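Next comes target.csv, a file with CSV, C-alpha atoms.
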chain,number,residue,atom,x,y,z
A,179,MET,CA,215.2,200.4,273.5
A,180,ASN,CA,213.8,197.8,271.0
A,181,THR,CA,215.8,198.1,267.8
A,182,SER,CA,214.1,195.2,266.1
A,183,PRO,CA,212.1,196.2,263.0
A,184,LEU,CA,209.4,193.7,264.0
A,185,ASN,CA,207.2,193.8,267.0
A,186,PRO,CA,207.1,190.5,269.0
A,187,ALA,CA,203.8,189.3,267.5
A,188,SER,CA,205.0,189.9,264.0
A,189,ARG,CA,208.3,188.3,264.7
A,190,ARG,CA,206.6,185.2,266.0
A,191,HIS,CA,204.4,185.0,262.9
A,192,PHE,CA,207.5,185.5,260.7
A,193,ILE,CA,209.4,182.7,262.4
A,194,GLN,CA,206.4,180.4,262.3
A,195,SER,CA,206.1,181.1,258.6
A,196,LEU,CA,209.7,180.4,258.0
A,197,ILE,CA,209.4,177.1,259.8
A,198,GLY,CA,206.4,176.2,257.7
A,199,LEU,CA,208.3,177.2,254.5
A,200,GLY,CA,211.2,175.0,255.5
A,201,ALA,CA,208.9,172.1,256.3
A,202,THR,CA,207.2,172.4,252.9
A,203,ALA,CA,210.6,172.5,251.1
A,204,LEU,CA,211.7,169.4,253.1
A,205,ALA,CA,208.5,167.5,252.3
A,206,THR,CA,208.9,168.4,248.6
A,207,ASN,CA,212.4,167.1,248.5
A,208,SER,CA,211.5,163.9,250.3
A,209,LEU,CA,208.7,163.2,247.8
A,210,CYS,CA,211.0,163.7,244.9
A,211,ALA,CA,213.9,161.7,246.3
A,212,GLY,CA,213.0,158.7,244.1
A,213,VAL,CA,214.2,155.1,244.3
A,214,LYS,CA,217.8,154.6,245.4
A,215,ILE,CA,220.3,151.8,244.9
A,216,GLY,CA,219.3,148.8,247.1
A,217,ASP,CA,215.6,149.8,247.1
A,218,SER,CA,213.0,147.5,245.6
A,219,LEU,CA,211.9,148.4,242.1
A,220,PRO,CA,208.3,149.7,242.1
A,221,ASP,CA,205.7,147.3,240.8
A,222,LEU,CA,205.7,148.1,237.1
A,223,SER,CA,202.1,146.7,236.7
A,224,THR,CA,200.7,149.5,238.8
A,225,LEU,CA,202.3,152.4,237.0
A,226,GLY,CA,200.1,152.6,233.9
A,227,LEU,CA,202.8,151.7,231.5
A,228,GLU,CA,201.5,151.3,227.9
A,229,GLY,CA,202.5,148.0,226.3
A,230,SER,CA,202.7,144.3,227.3
A,231,LEU,CA,204.7,143.9,230.5
A,232,PRO,CA,206.8,140.7,230.4
A,233,ASP,CA,207.3,138.4,233.4
A,234,ILE,CA,210.4,139.8,235.2
A,235,ARG,CA,210.2,137.7,238.4
A,236,GLY,CA,213.6,136.2,239.3
A,237,LYS,CA,215.3,137.8,236.3
A,238,VAL,CA,218.1,140.3,235.8
A,239,VAL,CA,216.1,143.3,234.6
A,240,HIS,CA,217.6,146.1,232.5
A,241,LEU,CA,215.3,149.1,232.1
A,242,ASP,CA,216.5,151.5,229.5
A,243,PHE,CA,214.9,155.0,229.4
A,244,TRP,CA,214.9,156.4,225.9
A,245,ALA,CA,213.0,158.8,223.6
A,246,SER,CA,212.7,159.2,219.8
A,247,TRP,CA,214.2,162.8,220.0
A,248,CYS,CA,217.3,161.6,221.9
A,249,VAL,CA,220.2,161.0,219.5
A,250,PRO,CA,222.4,158.9,221.9
A,251,CYS,CA,219.3,156.7,222.5
A,252,LYS,CA,219.1,155.9,218.8
A,253,GLN,CA,222.8,155.1,218.8
A,254,SER,CA,222.4,152.7,221.7
A,255,PHE,CA,219.6,150.7,220.1
A,256,PRO,CA,221.7,148.3,217.9
A,257,ILE,CA,223.9,147.5,221.0
A,258,LEU,CA,220.9,147.0,223.2
A,259,ASN,CA,219.3,144.7,220.6
A,260,ALA,CA,222.5,142.7,220.4
A,261,LEU,CA,222.6,142.4,224.2
A,262,HIS,CA,219.0,141.2,224.3
A,263,LYS,CA,219.7,138.5,221.7
A,264,SER,CA,222.9,137.4,223.5
A,265,TYR,CA,221.4,137.1,227.0
A,266,ALA,CA,217.7,136.5,226.5
A,267,SER,CA,218.2,132.8,227.2
A,268,LYS,CA,220.1,133.5,230.5
A,269,SER,CA,217.4,135.1,232.7
A,270,TYR,CA,218.1,138.6,231.4
A,271,MET,CA,215.2,140.8,230.5
A,272,LEU,CA,215.8,144.1,228.7
A,273,ILE,CA,212.8,146.5,228.6
A,274,GLY,CA,212.9,149.8,226.8
A,275,ILE,CA,211.0,152.5,228.6
A,276,CYS,CA,209.9,155.1,226.0
A,277,MET,CA,209.4,158.7,227.3
A,278,ASP,CA,207.8,160.1,224.1
A,279,GLU,CA,204.8,162.2,224.8
A,280,LYS,CA,203.1,161.0,221.6
A,281,LYS,CA,202.7,157.3,220.8
A,282,ALA,CA,202.9,158.1,217.0
A,283,GLU,CA,206.4,159.4,217.5
A,284,MET,CA,207.5,156.2,219.3
A,285,ASP,CA,205.9,154.0,216.6
A,286,ARG,CA,207.6,156.0,213.8
A,287,PHE,CA,210.9,155.7,215.5
A,288,LEU,CA,210.5,151.9,216.1
A,289,LYS,CA,209.5,151.4,212.5
A,290,ARG,CA,212.8,152.9,211.4
A,291,ASN,CA,214.8,151.3,214.3
A,292,PRO,CA,213.2,147.9,214.9
A,293,VAL,CA,214.2,146.1,218.1
A,294,SER,CA,213.4,142.6,219.4
A,295,PHE,CA,213.2,143.6,223.1
A,296,PRO,CA,209.9,144.7,224.6
A,297,ILE,CA,209.0,148.4,224.7
A,298,LEU,CA,206.8,150.1,227.3
A,299,ARG,CA,205.7,153.7,227.1
A,300,ASP,CA,205.7,155.7,230.4
A,301,ALA,CA,203.0,158.1,229.1
A,302,GLN,CA,202.1,159.2,232.7
A,303,GLU,CA,205.7,159.6,233.7
A,304,LYS,CA,205.0,157.7,236.9
A,305,LEU,CA,208.0,155.4,236.6
A,306,ALA,CA,210.3,158.2,235.5
A,307,ASN,CA,209.2,160.3,238.5
A,308,GLN,CA,210.0,157.5,240.8
A,309,LEU,CA,213.4,156.5,239.3
A,310,THR,CA,214.3,160.1,238.1
A,311,PRO,CA,216.8,159.2,235.3
A,312,PRO,CA,219.5,161.9,235.4
A,313,SER,CA,219.9,161.9,231.6
A,314,MET,CA,218.6,160.4,228.4
A,315,PRO,CA,219.3,157.6,227.9
A,316,THR,CA,219.7,156.0,231.4
A,317,SER,CA,219.9,152.3,232.1
A,318,TYR,CA,218.7,150.8,235.4
A,319,PHE,CA,219.8,147.3,236.4
A,320,VAL,CA,217.7,145.3,238.8
A,321,ALA,CA,218.9,142.2,240.6
A,322,PRO,CA,216.9,138.9,240.5
A,323,ASP,CA,215.6,139.7,244.1
A,324,GLY,CA,213.9,142.9,242.7
A,325,ARG,CA,216.3,145.4,244.2
A,326,LEU,CA,217.9,148.2,242.2
A,327,HIS,CA,221.5,147.2,241.6
A,328,SER,CA,223.0,150.1,239.6
A,329,VAL,CA,222.3,153.1,237.4
A,330,HIS,CA,224.1,153.8,234.2
A,331,PRO,CA,223.4,157.3,232.8
A,332,LYS,CA,224.3,158.3,229.2
A,333,PHE,CA,225.5,156.3,226.3
A,334,GLU,CA,229.1,156.4,225.2
A,335,GLY,CA,229.4,153.7,222.6
A,336,ASP,CA,231.7,150.7,223.3
A,337,THR,CA,232.6,152.0,226.8
A,338,THR,CA,228.9,151.8,227.8
A,339,ARG,CA,228.5,148.4,226.0
A,340,ARG,CA,231.4,146.9,228.1
A,341,ALA,CA,230.0,148.4,231.3
A,342,TYR,CA,226.6,146.9,230.5
A,343,ILE,CA,228.1,143.5,229.9
A,344,ALA,CA,230.1,143.6,233.1
A,345,ILE,CA,227.0,144.5,235.2
A,346,ILE,CA,224.9,141.8,233.4
A,347,GLU,CA,227.5,139.1,233.9
A,348,ASP,CA,227.9,140.0,237.5
A,349,LEU,CA,224.1,140.0,238.1
A,350,LEU,CA,223.6,136.7,236.2
A,351,LYS,CA,225.8,135.0,238.8
A,352,SER,CA,223.2,135.6,241.4
A,353,VAL,CA,220.3,134.0,239.4
A,354,LYS,CA,218.9,130.9,241.0
A,355,ILE,CA,218.3,128.2,238.4
D,102,MET,CA,208.2,206.0,266.3
D,103,LYS,CA,208.4,202.3,266.1
D,104,ASN,CA,209.3,200.8,262.7
D,105,VAL,CA,206.9,197.8,262.7
D,106,ILE,CA,206.4,195.4,259.7
D,107,PRO,CA,202.7,194.5,259.8
D,108,PHE,CA,201.5,191.0,259.7
D,109,ARG,CA,199.9,191.3,256.2
D,110,LYS,CA,203.3,192.2,254.7
D,111,THR,CA,204.9,189.2,256.4
D,112,VAL,CA,202.2,186.9,255.0
D,113,LEU,CA,202.7,188.5,251.5
D,114,VAL,CA,206.4,187.7,251.7
D,115,VAL,CA,205.8,184.1,252.8
D,116,VAL,CA,203.2,183.6,250.0
D,117,VAL,CA,205.6,184.9,247.4
D,118,ALA,CA,208.3,182.6,248.8
D,119,LEU,CA,205.9,179.6,248.7
D,120,PHE,CA,205.3,180.4,245.0
D,121,GLY,CA,209.1,180.4,244.6
D,122,VAL,CA,209.3,176.9,246.0
D,123,GLY,CA,206.8,175.8,243.4
D,124,CYS,CA,209.1,176.5,240.5
D,125,GLN,CA,209.6,173.4,238.4
D,126,SER,CA,212.7,172.3,236.5
D,127,VAL,CA,212.5,170.6,233.1
D,128,GLU,CA,213.4,166.9,233.7
D,129,PRO,CA,215.7,165.1,231.3
D,130,TRP,CA,212.8,163.1,229.9
D,131,GLN,CA,210.8,166.2,229.1
D,132,ARG,CA,213.2,167.9,226.8
D,133,ARG,CA,211.7,167.1,223.5
D,134,THR,CA,211.1,170.7,222.6
D,135,LEU,CA,214.5,171.8,223.7
D,136,SER,CA,216.1,169.1,221.5
D,137,ASP,CA,214.5,170.7,218.4
D,138,ILE,CA,216.9,172.1,215.8
D,139,THR,CA,215.2,175.5,216.1
D,140,MET,CA,216.3,175.8,219.7
D,141,ARG,CA,220.0,175.5,218.8
D,142,SER,CA,222.1,178.7,218.6
D,143,ASP,CA,224.4,177.0,216.1
D,144,ARG,CA,221.7,175.8,213.7
D,145,ASP,CA,222.7,178.2,210.9
D,146,PRO,CA,226.5,178.7,210.9
D,147,ALA,CA,226.4,180.7,207.6
D,148,GLY,CA,223.7,183.0,208.8
D,149,GLN,CA,225.4,183.5,212.1
D,150,GLY,CA,228.7,184.4,210.4
D,151,LEU,CA,226.9,187.0,208.2
D,152,SER,CA,225.1,188.4,211.2
D,153,GLU,CA,228.4,188.6,213.1
D,154,HIS,CA,230.0,190.4,210.2
D,155,MET,CA,227.2,193.0,210.0
D,156,TRP,CA,227.3,193.5,213.7
D,157,PHE,CA,231.0,194.1,213.7
D,158,SER,CA,230.8,196.5,210.8
D,159,ARG,CA,228.2,198.7,212.5
D,160,GLU,CA,229.2,198.4,216.2
D,161,VAL,CA,233.0,197.6,215.9
D,162,ALA,CA,232.2,194.8,218.4
D,163,SER,CA,231.8,191.1,218.1
D,164,GLY,CA,231.2,188.1,220.2
D,165,GLY,CA,228.9,188.0,223.2
D,166,ARG,CA,227.1,185.0,222.0
D,167,GLY,CA,228.5,182.6,224.5
D,168,ILE,CA,225.1,182.0,226.1
D,169,GLY,CA,223.6,178.6,226.5
D,170,GLY,CA,221.3,177.4,223.7
D,171,GLY,CA,218.8,174.6,223.6
D,172,GLY,CA,219.4,171.0,223.3
D,173,CYS,CA,218.1,167.9,225.0
D,174,GLY,CA,221.0,167.7,227.4
D,175,CYS,CA,221.5,164.1,226.4
D,176,ASN,CA,224.8,162.6,227.4
As a first step, turn the structure in this file into structure tokens.
Amino acid sequence: MNTSPLNPASRRHFIQSLIGLGATALATNSLCAGVKIGDSLPDLSTLGLEGSLPDIRGKVVHLDFWASWCVPCKQSFPILNALHKSYASKSYMLIGICMDEKKAEMDRFLKRNPVSFPILRDAQEKLANQLTPPSMPTSYFVAPDGRLHSVHPKFEGDTTRRAYIAIIEDLLKSVKI
Amino acid sequence: MKNVIPFRKTVLVVVVALFGVGCQSVEPWQRRTLSDITMRSDRDPAGQGLSEHMWFSREVASGGRGIGGGGCGCN
């Protein structure tokens, strides 16, 4: 006696559908996996970032994701500015990646919190979708060879400042002069 | 009598499941609206205290506000 609630044809269709569903889920996950440590940084010039992209070839690159509505981002700005001033002459390039939806909000914020490092706005969220920062702010450090060295989420005052300095000093050792 | 699930119902279940896979989460960089003060449950401590007092007077019960509020999820 067949106790199964599905006839063989329906069961086959059901199993095929489940396999299709699983494949779709896997494909979605693999697309959203993002750039991992050791991977090459995506070519920033192809991501439609608003602003003037500086030359980052052969430099230690520090990408800081921020937004005007993010309070810790605002707290991090004086420290980031000081880092930029201290290391700018040593092949270190800090770039702020603004995630504000509206440019006017970014401009208003920068008027109140001026910085000397370059700011790019990821209006299309292409870079964010590739790097998938886990929180705001998040800092990404890229080695001179263009590979992602480390990710530092959140901003916790002096602890974060010391962590940034340790990473930058470590990476600057590998810069070819 | 055989209890058979027809093919159409199976397709319907799969389509609903596919729509479920399409659910999106709000990414950390998209939380501007959530960071607004109006999204916070603790935005008006005085008003909340008054509300709690009235609630307790009428219902002889208090609390139950331990639900998650808004916020940008920063840090």
Inset, instruction - Find the residue from A:Lys263, A:Lys252, A:His191, A:Arg299 that sits nearest to Phe287 in chain A; use only C-alpha atoms when measuring. - result: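 Closest to Phe287 in chain A, using only C-alpha atoms: A:Lys252.
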Legend entry - Non-local contacts of Leu231 in chain A (8 Å; all atoms listed in the file; under 2 positions in same chain excluded) as JSON, numbers by chain: {"A": [222, 223, 229, 233, 296, 298]}
Inset, instruction - Find the residues around His327 in chain A up to 9 Å (all atoms listed in the file counted), leave out those fewer than 6 positions away in its own chain, and share them as a count of residues only. - result: 9
Using all atoms listed in the file, what table do you get, as JSON lines, when you list each residue of range 199-270 of chain A with an atom no more than 9 Å from range 132-149 of chain D, its nearest pair of atoms, and their distance in Å rounded to one decimal, rows by chain then rising number?
{"residue": "A:Ala245", "atom": "CA", "partner": "D:Arg133", "partner_atom": "CA", "distance": 8.4}
{"residue": "A:Ser246", "atom": "CA", "partner": "D:Arg133", "partner_atom": "CA", "distance": 8.8}
{"residue": "A:Trp247", "atom": "CA", "partner": "D:Arg133", "partner_atom": "CA", "distance": 6.1}
{"residue": "A:Cys248", "atom": "CA", "partner": "D:Ser136", "partner_atom": "CA", "distance": 7.6}
Inset, instruction - Between A:Leu326, A:Ala301, A:Ile257, A:Ala306, single out the one closest to chain D, counting all atoms listed in the file. - result: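 Going through A:Leu326, A:Ala301, A:Ile257, A:Ala306 one by one, the smallest distance to chain D is for A:Ala306.
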Inset, instruction - Measuring atom to atom with only C-alpha atoms, identify which of D:Gly121, D:Trp156, D:Trp130, D:Gly164 is nearest to chain A. - result: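 Nearest candidate to chain A out of D:Gly121, D:Trp156, D:Trp130, D:Gly164: D:Trp130.
One distance worth recording is that between CA of Glu334 in chain A and CA of Pro256 in chain A, which is 13.2 Å.
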Which residues of chain D come within 10 Å of chain A, and what is each one's closest atom pair and distance in Å (one decimal), counting only C-alpha atoms, sorted by chain and residue number, as a tab-separated table?
residue	atom	partner	partner_atom	distance
D:Lys103	CA	A:Pro183	CA	7.8
D:Asn104	CA	A:Pro183	CA	5.4
D:Val105	CA	A:Leu184	CA	5.0
D:Ile106	CA	A:Leu184	CA	5.5
D:Pro107	CA	A:Ser188	CA	6.6
D:Phe108	CA	A:Ser188	CA	5.7
D:Arg109	CA	A:Ser188	CA	9.4
D:Lys110	CA	A:Ser188	CA	9.7
D:Thr111	CA	A:Phe192	CA	6.2
D:Val112	CA	A:Ser195	CA	7.9
D:Val114	CA	A:Phe192	CA	9.3
D:Val115	CA	A:Ser195	CA	6.5
D:Val116	CA	A:Leu199	CA	9.3
D:Ala118	CA	A:Leu199	CA	7.9
D:Leu119	CA	A:Leu199	CA	6.7
D:Val122	CA	A:Ala203	CA	6.9
D:Gly123	CA	A:Ala203	CA	9.2
D:Glu128	CA	A:Pro312	CA	8.1
D:Pro129	CA	A:Ser313	CA	5.3
D:Trp130	CA	A:Met277	CA	6.1
D:Gln131	CA	A:Met277	CA	7.8
D:Arg132	CA	A:Trp247	CA	8.6
D:Arg133	CA	A:Trp247	CA	6.1
D:Thr134	CA	A:Trp247	CA	8.9
D:Leu135	CA	A:Trp247	CA	9.7
D:Ser136	CA	A:Trp247	CA	6.7
D:Asp137	CA	A:Trp247	CA	8.1
D:Gly172	CA	A:Cys248	CA	9.7
D:Cys173	CA	A:Cys248	CA	7.1
D:Gly174	CA	A:Ser313	CA	7.2
D:Cys175	CA	A:Met314	CA	5.1
D:Asn176	CA	A:Lys332	CA	4.7
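Atom to atom, CA of Pro292 in chain A and CA of Lys304 in chain A stand 25.4 Å apart.
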